[in-house]
>>> print(open('coords01.tsv').read())   # TSV, C-alpha atoms
chain	number	residue	atom	x	y	z
A	24	PRO	CA	106.91	-82.80	20.59
A	25	ASP	CA	107.07	-85.22	17.64
A	26	GLN	CA	106.74	-88.27	19.94
A	27	PRO	CA	103.40	-90.14	19.58
A	28	HIS	CA	100.77	-89.61	22.25
A	29	GLN	CA	99.06	-92.71	23.60
A	30	ASN	CA	96.03	-90.92	25.09
A	31	ASN	CA	94.99	-89.02	21.97
A	32	PRO	CA	95.47	-90.72	18.58
A	33	LEU	CA	95.10	-87.37	16.77
A	34	LEU	CA	98.21	-86.01	18.41
A	35	GLY	CA	100.09	-89.13	17.34
A	36	LEU	CA	99.71	-88.14	13.69
A	37	PRO	CA	102.45	-86.25	11.85
A	38	ILE	CA	102.45	-82.48	12.01
A	39	VAL	CA	101.49	-82.15	8.35
A	40	ALA	CA	98.41	-84.33	8.87
A	41	ILE	CA	97.35	-82.35	11.94
A	42	GLU	CA	97.78	-79.08	10.04
A	43	THR	CA	95.57	-80.33	7.21
A	44	VAL	CA	92.92	-81.23	9.76
A	45	LEU	CA	93.18	-77.82	11.41
A	46	HIS	CA	92.71	-76.05	8.08
A	47	PHE	CA	89.07	-77.16	8.13
A	48	LEU	CA	88.55	-75.02	11.25
A	49	SER	CA	88.46	-71.26	11.60
A	50	TYR	CA	91.48	-69.43	12.94
A	51	ASP	CA	89.50	-68.41	16.01
A	52	GLU	CA	88.90	-72.08	16.82
A	53	ILE	CA	92.56	-72.87	16.16
A	54	SER	CA	93.61	-70.17	18.64
A	55	LEU	CA	91.37	-71.78	21.28
A	56	LEU	CA	92.94	-75.21	20.69
A	57	ARG	CA	96.32	-73.97	21.93
A	58	SER	CA	95.33	-74.78	25.50
A	59	VAL	CA	95.08	-78.55	24.80
A	60	CYS	CA	98.75	-79.44	25.21
A	61	LYS	CA	102.23	-78.31	24.27
A	62	ARG	CA	102.27	-80.24	21.00
A	63	MET	CA	98.93	-78.76	19.93
A	64	ASP	CA	100.10	-75.32	21.06
A	65	MET	CA	103.18	-75.58	18.86
A	66	ILE	CA	101.16	-76.72	15.83
A	67	CYS	CA	98.47	-74.06	16.32
A	68	GLN	CA	101.09	-71.32	16.65
A	69	ARG	CA	102.59	-72.43	13.35
A	70	VAL	CA	99.18	-72.45	11.64
A	71	LEU	CA	98.30	-69.00	13.01
A	72	ASN	CA	101.57	-67.47	11.82
A	73	GLN	CA	101.11	-69.01	8.38
A	74	GLY	CA	97.52	-67.75	8.33
A	75	PHE	CA	98.57	-64.15	8.89
A	76	LEU	CA	101.15	-64.39	6.09
A	77	LYS	CA	98.56	-65.99	3.78
A	78	VAL	CA	96.00	-63.28	4.44
A	79	GLU	CA	98.62	-60.64	3.63
A	80	ARG	CA	99.33	-62.34	0.31
A	81	TYR	CA	95.62	-62.68	-0.46
A	82	HIS	CA	95.10	-59.00	0.28
A	83	SER	CA	97.97	-57.97	-1.99
A	84	LEU	CA	96.51	-60.16	-4.76
A	85	CYS	CA	93.05	-58.58	-4.40
A	86	GLN	CA	94.54	-55.09	-4.35
A	87	ARG	CA	96.52	-55.77	-7.51
A	88	GLN	CA	93.45	-57.04	-9.33
A	89	VAL	CA	91.40	-53.99	-8.35
A	90	LYS	CA	94.16	-51.51	-9.23
A	91	ALA	CA	94.57	-53.14	-12.65
A	92	GLN	CA	90.92	-52.37	-13.44
A	93	LEU	CA	90.94	-48.80	-12.12
A	94	PRO	CA	91.83	-45.85	-14.40
A	95	ARG	CA	95.15	-44.12	-13.94
A	96	ARG	CA	93.71	-40.70	-13.24
A	97	GLU	CA	92.67	-40.21	-9.64
A	98	SER	CA	89.83	-37.91	-10.65
A	99	GLU	CA	88.28	-40.72	-12.70
A	100	ARG	CA	88.85	-43.31	-9.98
A	101	ARG	CA	86.38	-41.67	-7.60
A	102	ASN	CA	83.52	-42.03	-10.05
A	103	HIS	CA	84.49	-45.58	-11.00
A	104	SER	CA	82.43	-48.59	-9.96
A	105	LEU	CA	85.43	-50.07	-8.08
A	106	ALA	CA	86.12	-46.95	-6.00
A	107	ARG	CA	84.61	-48.43	-2.84
A	108	HIS	CA	86.53	-51.67	-3.40
A	109	ALA	CA	89.78	-49.70	-3.48
A	110	ASP	CA	88.87	-47.73	-0.33
A	111	ILE	CA	88.09	-50.91	1.62
A	112	LEU	CA	91.31	-52.60	0.51
A	113	ALA	CA	93.34	-49.52	1.45
A	114	ALA	CA	91.81	-49.51	4.93
A	115	VAL	CA	92.56	-53.23	5.30
A	116	GLU	CA	96.15	-52.52	4.28
A	117	THR	CA	96.54	-50.01	7.12
A	118	ARG	CA	95.12	-52.56	9.58
A	119	LEU	CA	97.53	-55.21	8.36
A	120	SER	CA	100.49	-52.87	8.73
A	121	LEU	CA	99.46	-52.00	12.30
A	122	LEU	CA	99.07	-55.67	13.19
A	123	ASN	CA	102.41	-56.43	11.59
A	124	MET	CA	104.19	-53.76	13.61
A	125	THR	CA	102.50	-54.91	16.82
A	126	PHE	CA	102.92	-58.70	16.66
A	127	MET	CA	105.52	-59.74	14.11
A	128	LYS	CA	108.48	-58.32	16.02
A	129	TYR	CA	107.90	-60.90	18.76
A	130	VAL	CA	106.81	-63.60	16.32
A	131	ASP	CA	110.11	-63.35	14.43
A	132	SER	CA	112.02	-63.74	17.70
A	133	ASN	CA	109.98	-66.94	18.49
A	134	LEU	CA	108.56	-65.46	21.68
A	135	CYS	CA	104.90	-65.79	20.67
A	136	CYS	CA	102.63	-66.35	17.71
A	137	PHE	CA	99.97	-64.25	16.02
A	138	ILE	CA	97.49	-64.65	18.86
A	139	PRO	CA	94.18	-63.12	17.61
A	140	GLY	CA	92.90	-65.73	15.15
A	141	LYS	CA	89.51	-64.02	14.99
A	142	VAL	CA	91.18	-61.03	13.32
A	143	ILE	CA	92.41	-63.27	10.49
A	144	ASP	CA	88.89	-64.66	10.01
A	145	GLU	CA	87.45	-61.14	9.86
A	146	ILE	CA	90.05	-60.00	7.31
A	147	TYR	CA	89.22	-63.01	5.12
A	148	ARG	CA	85.51	-62.21	5.44
A	149	VAL	CA	86.06	-58.61	4.30
A	150	LEU	CA	88.26	-59.63	1.36
A	151	ARG	CA	85.80	-62.27	0.18
A	152	TYR	CA	82.97	-59.76	0.49
A	153	VAL	CA	84.87	-57.28	-1.65
A	154	ASN	CA	85.58	-59.90	-4.30
A	155	SER	CA	82.02	-61.27	-4.40
A	156	THR	CA	79.97	-58.04	-4.47
A	157	ARG	CA	79.83	-55.50	-7.28
A	158	ALA	CA	78.43	-52.63	-5.22
A	159	PRO	CA	79.71	-52.98	-1.64
A	160	GLN	CA	78.73	-50.78	1.25
A	161	ARG	CA	80.84	-47.92	2.52
A	162	ALA	CA	84.24	-48.63	4.04
A	163	HIS	CA	83.35	-47.66	7.61
A	164	GLU	CA	80.30	-49.95	7.55
A	165	VAL	CA	82.21	-52.95	6.22
A	166	LEU	CA	85.30	-52.48	8.43
A	167	GLN	CA	83.57	-51.62	11.71
A	168	GLU	CA	83.92	-55.13	13.17
A	169	LEU	CA	87.51	-55.50	11.96
A	170	ARG	CA	88.55	-52.19	13.50
A	171	ASP	CA	86.96	-53.02	16.84
A	172	ILE	CA	88.49	-56.52	17.05
A	173	SER	CA	91.96	-55.52	15.87
A	174	SER	CA	92.14	-52.46	18.12
A	175	MET	CA	91.10	-54.48	21.17
A	176	ALA	CA	93.63	-57.21	20.33
A	177	MET	CA	96.49	-54.73	19.91
A	178	GLU	CA	95.62	-52.85	23.11
A	179	TYR	CA	95.47	-56.07	25.14
A	180	PHE	CA	98.72	-57.31	23.62
A	181	ASP	CA	100.55	-54.05	24.38
A	182	GLU	CA	99.21	-53.75	27.92
A	183	LYS	CA	99.26	-57.36	29.16
A	184	ILE	CA	101.60	-59.49	27.04
A	185	VAL	CA	104.36	-57.16	25.82
A	186	PRO	CA	105.73	-56.45	29.34
A	187	ILE	CA	106.14	-60.20	29.87
A	188	LEU	CA	107.74	-60.75	26.46
A	189	LYS	CA	110.19	-57.89	26.91
A	190	LYS	CA	111.67	-59.73	29.86
A	191	LYS	CA	112.26	-62.74	27.64
A	192	LEU	CA	114.09	-60.80	24.95
A	193	PRO	CA	117.77	-61.79	24.64
A	194	GLY	CA	119.02	-58.30	25.57
A	195	ALA	CA	116.61	-57.54	28.42
A	196	ASP	CA	118.55	-59.15	31.30
A	197	LEU	CA	121.82	-57.96	29.86
A	198	SER	CA	120.72	-54.34	29.72
A	199	GLY	CA	119.54	-54.51	33.34
A	200	ARG	CA	122.83	-55.95	34.46
A	201	LEU	CA	124.83	-53.39	32.53
A	202	ILE	CA	122.82	-50.55	33.99
A	203	GLY	CA	122.62	-51.88	37.56
A	204	SER	CA	126.26	-52.99	38.03
A	205	THR	CA	129.50	-51.04	37.62
A	206	PRO	CA	132.03	-53.45	36.11
A	207	VAL	CA	135.71	-53.01	36.68
A	208	ALA	CA	137.58	-51.67	33.70
A	209	GLY	CA	139.71	-54.24	31.92
A	210	PRO	CA	140.13	-56.14	28.67
A	211	SER	CA	137.81	-58.95	29.67
A	212	THR	CA	134.94	-56.64	30.60
A	213	SER	CA	135.31	-54.59	27.44
A	214	LEU	CA	135.28	-57.72	25.29
A	215	THR	CA	132.20	-59.08	27.02
A	216	THR	CA	130.32	-55.80	26.68
A	217	MET	CA	131.25	-55.52	22.99
A	218	SER	CA	130.15	-59.10	22.32
A	219	LEU	CA	126.87	-58.59	24.17
A	220	LEU	CA	126.16	-55.37	22.30
A	221	ALA	CA	126.93	-57.12	19.03
A	222	LYS	CA	124.41	-59.80	19.93
A	223	ASN	CA	121.77	-57.16	20.63
A	224	THR	CA	122.19	-55.46	17.25
A	225	PRO	CA	119.30	-56.14	14.89
A	226	SER	CA	119.75	-58.73	12.16
A	227	ARG	CA	119.58	-58.07	8.43
A	228	SER	CA	116.10	-59.54	8.16
A	229	GLU	CA	114.84	-57.16	10.83
A	230	MET	CA	116.53	-54.23	9.12
A	231	THR	CA	115.01	-55.16	5.75
A	232	LYS	CA	111.58	-55.46	7.34
A	233	VAL	CA	111.98	-52.06	8.97
A	234	GLN	CA	113.08	-50.56	5.67
A	235	GLN	CA	110.11	-52.11	3.87
A	236	GLN	CA	107.78	-50.74	6.53
A	237	VAL	CA	109.36	-47.30	6.17
A	238	LYS	CA	108.85	-47.48	2.40
A	239	VAL	CA	105.21	-48.46	2.85
A	240	ASN	CA	104.66	-45.61	5.29
A	241	GLY	CA	106.38	-43.18	2.92
A	242	ALA	CA	104.21	-44.31	0.02
A	243	SER	CA	101.06	-43.90	2.12
A	244	MET	CA	102.21	-40.42	3.17
A	245	THR	CA	102.79	-39.41	-0.44
A	246	VAL	CA	99.33	-40.65	-1.37
A	247	LEU	CA	97.81	-38.68	1.51
A	248	ARG	CA	99.71	-35.56	0.48
A	249	ARG	CA	98.45	-35.88	-3.08
A	250	GLU	CA	94.91	-36.28	-1.84
A	251	MET	CA	95.30	-33.22	0.38
A	252	GLN	CA	96.63	-31.19	-2.55
A	253	GLU	CA	93.71	-32.31	-4.72
A	254	ILE	CA	91.27	-31.38	-1.98
A	255	ARG	CA	92.84	-27.93	-1.64
A	256	VAL	CA	92.71	-27.38	-5.40
A	257	LYS	CA	89.05	-28.40	-5.44
A	258	GLN	CA	88.31	-26.05	-2.56
A	259	LEU	CA	89.92	-23.15	-4.45
A	260	GLU	CA	87.95	-24.04	-7.58
A	261	GLN	CA	84.72	-24.18	-5.62
A	262	GLN	CA	85.48	-20.82	-4.00
A	263	LYS	CA	86.08	-19.29	-7.43
A	264	GLN	CA	82.84	-20.78	-8.71
A	265	LEU	CA	80.96	-19.37	-5.73
A	266	GLN	CA	82.45	-15.92	-6.32
A	267	ASP	CA	81.50	-16.05	-10.00
A	268	GLN	CA	77.97	-17.11	-9.10
A	269	GLU	CA	77.67	-14.27	-6.60
A	270	GLN	CA	78.78	-11.76	-9.25
A	271	LYS	CA	76.29	-13.21	-11.72
A	272	LEU	CA	73.53	-12.92	-9.13
A	273	LEU	CA	74.40	-9.29	-8.51
A	274	GLU	CA	74.35	-8.56	-12.23
A	275	GLN	CA	71.03	-10.33	-12.65
A	276	THR	CA	69.49	-8.41	-9.75
A	277	GLN	CA	70.64	-5.14	-11.33
A	278	VAL	CA	69.17	-6.14	-14.70
A	279	ILE	CA	65.90	-7.14	-13.05
A	280	GLY	CA	65.75	-3.75	-11.26
A	281	GLU	CA	66.30	-1.89	-14.52
A	282	GLN	CA	63.59	-3.92	-16.24
A	283	ASN	CA	61.18	-3.23	-13.40
A	284	ALA	CA	61.86	0.50	-13.70
A	285	ARG	CA	61.23	0.38	-17.46
A	286	LEU	CA	57.99	-1.55	-16.95
A	287	ALA	CA	56.83	1.07	-14.44
A	288	GLU	CA	57.58	3.88	-16.94
A	289	LEU	CA	55.69	2.05	-19.70
A	290	GLU	CA	52.70	1.52	-17.42
A	291	HIS	CA	52.70	5.24	-16.54
A	292	LYS	CA	52.79	6.21	-20.21
A	293	LEU	CA	49.97	3.80	-21.03
A	294	ARG	CA	47.82	5.30	-18.27
A	295	GLU	CA	48.46	8.83	-19.59
A	296	LEU	CA	47.52	7.74	-23.13
A	297	MET	CA	44.35	6.07	-21.90
A	298	ASP	CA	43.34	9.18	-19.94
A	299	SER	CA	43.99	11.52	-22.91
A	300	SER	CA	42.05	9.28	-25.32
A	301	ALA	CA	39.10	9.11	-22.88
A	302	ALA	CA	39.04	12.95	-22.59
A	303	ALA	CA	39.22	13.51	-26.38
A	304	ALA	CA	36.31	11.14	-27.25
A	305	PRO	CA	33.23	13.51	-26.52
A	306	SER	CA	34.72	16.56	-28.34
A	307	THR	CA	35.28	14.53	-31.50
A	308	SER	CA	31.67	13.24	-31.44
A	309	SER	CA	30.20	16.79	-31.15
A	310	ALA	CA	32.42	18.04	-33.95
A	311	ALA	CA	31.35	15.17	-36.14
A	312	ALA	CA	27.65	16.02	-35.48
A	313	GLY	CA	28.14	19.72	-36.42
A	314	GLU	CA	29.92	18.79	-39.60
A	315	GLY	CA	27.03	16.45	-40.49
A	316	GLY	CA	24.33	19.31	-40.22
A	317	GLU	CA	26.28	21.77	-42.32
A	318	GLY	CA	26.82	19.13	-44.96
A	319	GLY	CA	23.04	18.46	-45.19
A	320	LEU	CA	22.28	22.15	-45.79
A	321	LEU	CA	24.87	22.36	-48.49
A	322	LEU	CA	23.38	19.32	-50.19
A	323	LYS	CA	19.89	20.81	-50.12
A	324	ARG	CA	21.12	24.09	-51.59
A	325	SER	CA	23.04	22.35	-54.33
A	326	ARG	CA	19.96	20.30	-55.24
A	327	LYS	CA	17.80	23.43	-55.41
A	328	SER	CA	20.33	25.18	-57.65
A	329	ALA	CA	20.37	22.11	-59.92
A	330	ASP	CA	16.54	22.04	-60.17
A	331	LEU	CA	16.20	25.76	-61.17
A	332	PRO	CA	17.15	25.41	-64.88
A	333	ARG	CA	14.82	22.45	-65.23
A	334	GLN	CA	11.88	24.43	-63.88
A	335	SER	CA	12.68	27.34	-66.20
A	336	LYS	CA	12.62	25.03	-69.22
A	337	ARG	CA	9.24	23.60	-68.17
A	338	LEU	CA	7.74	27.06	-67.90
A	339	ARG	CA	9.00	28.03	-71.35
A	340	SER	CA	7.56	24.90	-72.91
A	341	LYS	CA	4.15	25.59	-71.30
A	342	LYS	CA	4.07	29.09	-72.67
>>> encode(input="coords01.tsv", output="structure tokens")
Amino acid sequence: PDQPHQNNPLLGLPIVAIETVLHFLSYDEISLLRSVCKRMDMICQRVLNQGFLKVERYHSLCQRQVKAQLPRRESERRNHSLARHADILAAVETRLSLLNMTFMKYVDSNLCCFIPGKVIDEIYRVLRYVNSTRAPQRAHEVLQELRDISSMAMEYFDEKIVPILKKKLPGADLSGRLIGSTPVAGPSTSLTTMSLLAKNTPSRSEMTKVQQQVKVNGASMTVLRREMQEIRVKQLEQQKQLQDQEQKLLEQTQVIGEQNARLAELEHKLRELMDSSAAAAPSTSSAAAGEGGEGGLLLKRSRKSADLPRQSKRLRSKK
């Protein structure tokens, strides 16, 4: 593949130069250029594989930066301004892990490359959007396109391409032969079977990758369990608050009923007082009039008794 091509001068350039030229294109366009020739297919496969690894590193860098700014308490994280950033990055992490489990097994065995370049472009778009905006939209709105594209790519890969790649695996033909034929027992057959089984055992790199994936899944499960426990605790607290509020409402209704009863009694007493005062008003006026007449007579009599000695003196003086 490194031999110069006479028809196309671009393909005659070194691989490093072609890769630098391809970096100016999107990964979707690079995936379409694989159909040009074998040399371009080999270079594009290399660029696509490197692109998936680069986007994983970029995502881990963004996630570290966001986590460094978030508070340690999970209760405070939800009200933080970077809460949506963290939710989007966590959803992208799950997508990357699914893509890694789907494609990288066959990529590591050099059977294919990371085929969906459009998925890499979409992941970059989401990460740049998260880094550039202070108040992003909700996670399901931002990741709708990424989920659709990645799910379609994984379904197509599992249904159409994986059956073909499984036949190309180093242990596929061997397993069929071992199952289909009944070899004769002997030292040579036992040695061959042991050697073939040893070849089919996974390498250390594959085992480390599987262990890392198991650790990631375990960490995500622990996080989910913590969230579930927090949600249950909050539900219990809300139920207690609702019960307390119901008790307070019952107490308030009882107090309001008692106050209404007291108000009714006071109104009844006021009516009785008003009726009694209205009935007593004419009797008091007549009594006051009688007392006024008797008082006038007494005054007249007292005045007459006071004038009698004066008149007697006048008569004496006249005589």
>>> residues_around(input="coords01.tsv", residues="segment 81-85 of chain A", least_positions_apart="3", cutoff="9 Å", atoms="all atoms listed in the file", output="CSV table (one decimal) with C-alpha atoms, in the frame of the given file")
chain,number,residue,atom,x,y,z
A,76,LEU,CA,101.2,-64.4,6.1
A,77,LYS,CA,98.6,-66.0,3.8
A,78,VAL,CA,96.0,-63.3,4.4
A,88,GLN,CA,93.4,-57.0,-9.3
A,89,VAL,CA,91.4,-54.0,-8.4
A,90,LYS,CA,94.2,-51.5,-9.2
A,112,LEU,CA,91.3,-52.6,0.5
A,115,VAL,CA,92.6,-53.2,5.3
A,116,GLU,CA,96.2,-52.5,4.3
A,146,ILE,CA,90.0,-60.0,7.3
A,147,TYR,CA,89.2,-63.0,5.1
A,150,LEU,CA,88.3,-59.6,1.4
A,153,VAL,CA,84.9,-57.3,-1.6
A,154,ASN,CA,85.6,-59.9,-4.3
>>> closest_residue(input="coords01.tsv", among="A:Arg249, A:Cys67, A:Ser174, A:Arg294", to="Val44 of chain A", atoms="only C-alpha atoms")
A:Cys67
>>> atom_distance(input="coords01.tsv", atom1="atom CA of Leu105 of chain A", atom2="atom CA of Thr156 of chain A")
10.3 Å
>>> atom_distance(input="coords01.tsv", atom1="atom CA of Cys136 of chain A", atom2="atom CA of Ser243 of chain A")
27.4 Å
>>> closest_residue(input="coords01.tsv", among="A:Val39, A:Met65, A:Ala158, A:Met124", to="Ser104 of chain A", atoms="all atoms listed in the file")
A:Ala158
>>> atom_distance(input="coords01.tsv", atom1="atom CA of His163 of chain A", atom2="atom CA of Ile111 of chain A")
8.3 Å
>>> closest_residue(input="coords01.tsv", among="A:His108, A:Arg248, A:Lys232, A:Arg170", to="Arg151 of chain A", atoms="only C-alpha atoms")
A:His108
>>> residues_near_point(input="coords01.tsv", point="(101.1, -70.6, 15.3)", cutoff="8 Å", atoms="all atoms listed in the file", output="count of residues only")
13
>>> closest_residue(input="coords01.tsv", among="A:Leu45, A:Gly35, A:Ile172, A:Thr117", to="Met244 of chain A", atoms="only C-alpha atoms")
A:Thr117
>>> decode(input="coords01.tsv", residues="segment 38-52 of chain A", atoms="N, CA and C atoms", output="CSV table (one decimal), in the first residue's frame")
chain,number,residue,atom,x,y,z
A,38,ILE,N,1.8,8.5,4.2
A,38,ILE,CA,0.6,8.3,4.9
A,38,ILE,C,0.4,9.5,5.9
A,39,VAL,N,1.5,10.0,6.5
A,39,VAL,CA,1.3,11.1,7.4
A,39,VAL,C,0.7,12.3,6.8
A,40,ALA,N,1.2,12.6,5.5
A,40,ALA,CA,0.7,13.7,4.8
A,40,ALA,C,-0.8,13.5,4.4
A,41,ILE,N,-1.2,12.3,4.0
A,41,ILE,CA,-2.6,12.1,3.7
A,41,ILE,C,-3.5,12.2,4.9
A,42,GLU,N,-3.0,11.7,6.1
A,42,GLU,CA,-3.7,11.9,7.3
A,42,GLU,C,-3.9,13.3,7.7
A,43,THR,N,-2.9,14.1,7.6
A,43,THR,CA,-3.1,15.6,7.9
A,43,THR,C,-4.1,16.2,6.9
A,44,VAL,N,-4.1,15.8,5.7
A,44,VAL,CA,-5.2,16.3,4.8
A,44,VAL,C,-6.5,15.9,5.2
A,45,LEU,N,-6.7,14.6,5.6
A,45,LEU,CA,-8.0,14.1,6.0
A,45,LEU,C,-8.5,14.7,7.3
A,46,HIS,N,-7.6,15.2,8.1
A,46,HIS,CA,-8.1,15.8,9.4
A,46,HIS,C,-8.9,17.1,9.1
A,47,PHE,N,-8.8,17.7,7.9
A,47,PHE,CA,-9.6,18.9,7.6
A,47,PHE,C,-11.0,18.5,7.2
A,48,LEU,N,-11.3,17.2,7.1
A,48,LEU,CA,-12.6,16.7,6.7
A,48,LEU,C,-13.3,16.2,8.0
A,49,SER,N,-14.6,16.0,7.9
A,49,SER,CA,-15.4,15.4,9.0
A,49,SER,C,-15.2,13.9,8.9
A,50,TYR,N,-15.4,13.3,10.1
A,50,TYR,CA,-15.3,11.8,10.1
A,50,TYR,C,-16.3,11.1,9.3
A,51,ASP,N,-17.5,11.7,9.1
A,51,ASP,CA,-18.5,11.1,8.1
A,51,ASP,C,-17.9,11.1,6.7
A,52,GLU,N,-17.3,12.2,6.3
A,52,GLU,CA,-16.7,12.3,5.0
A,52,GLU,C,-15.5,11.3,4.8
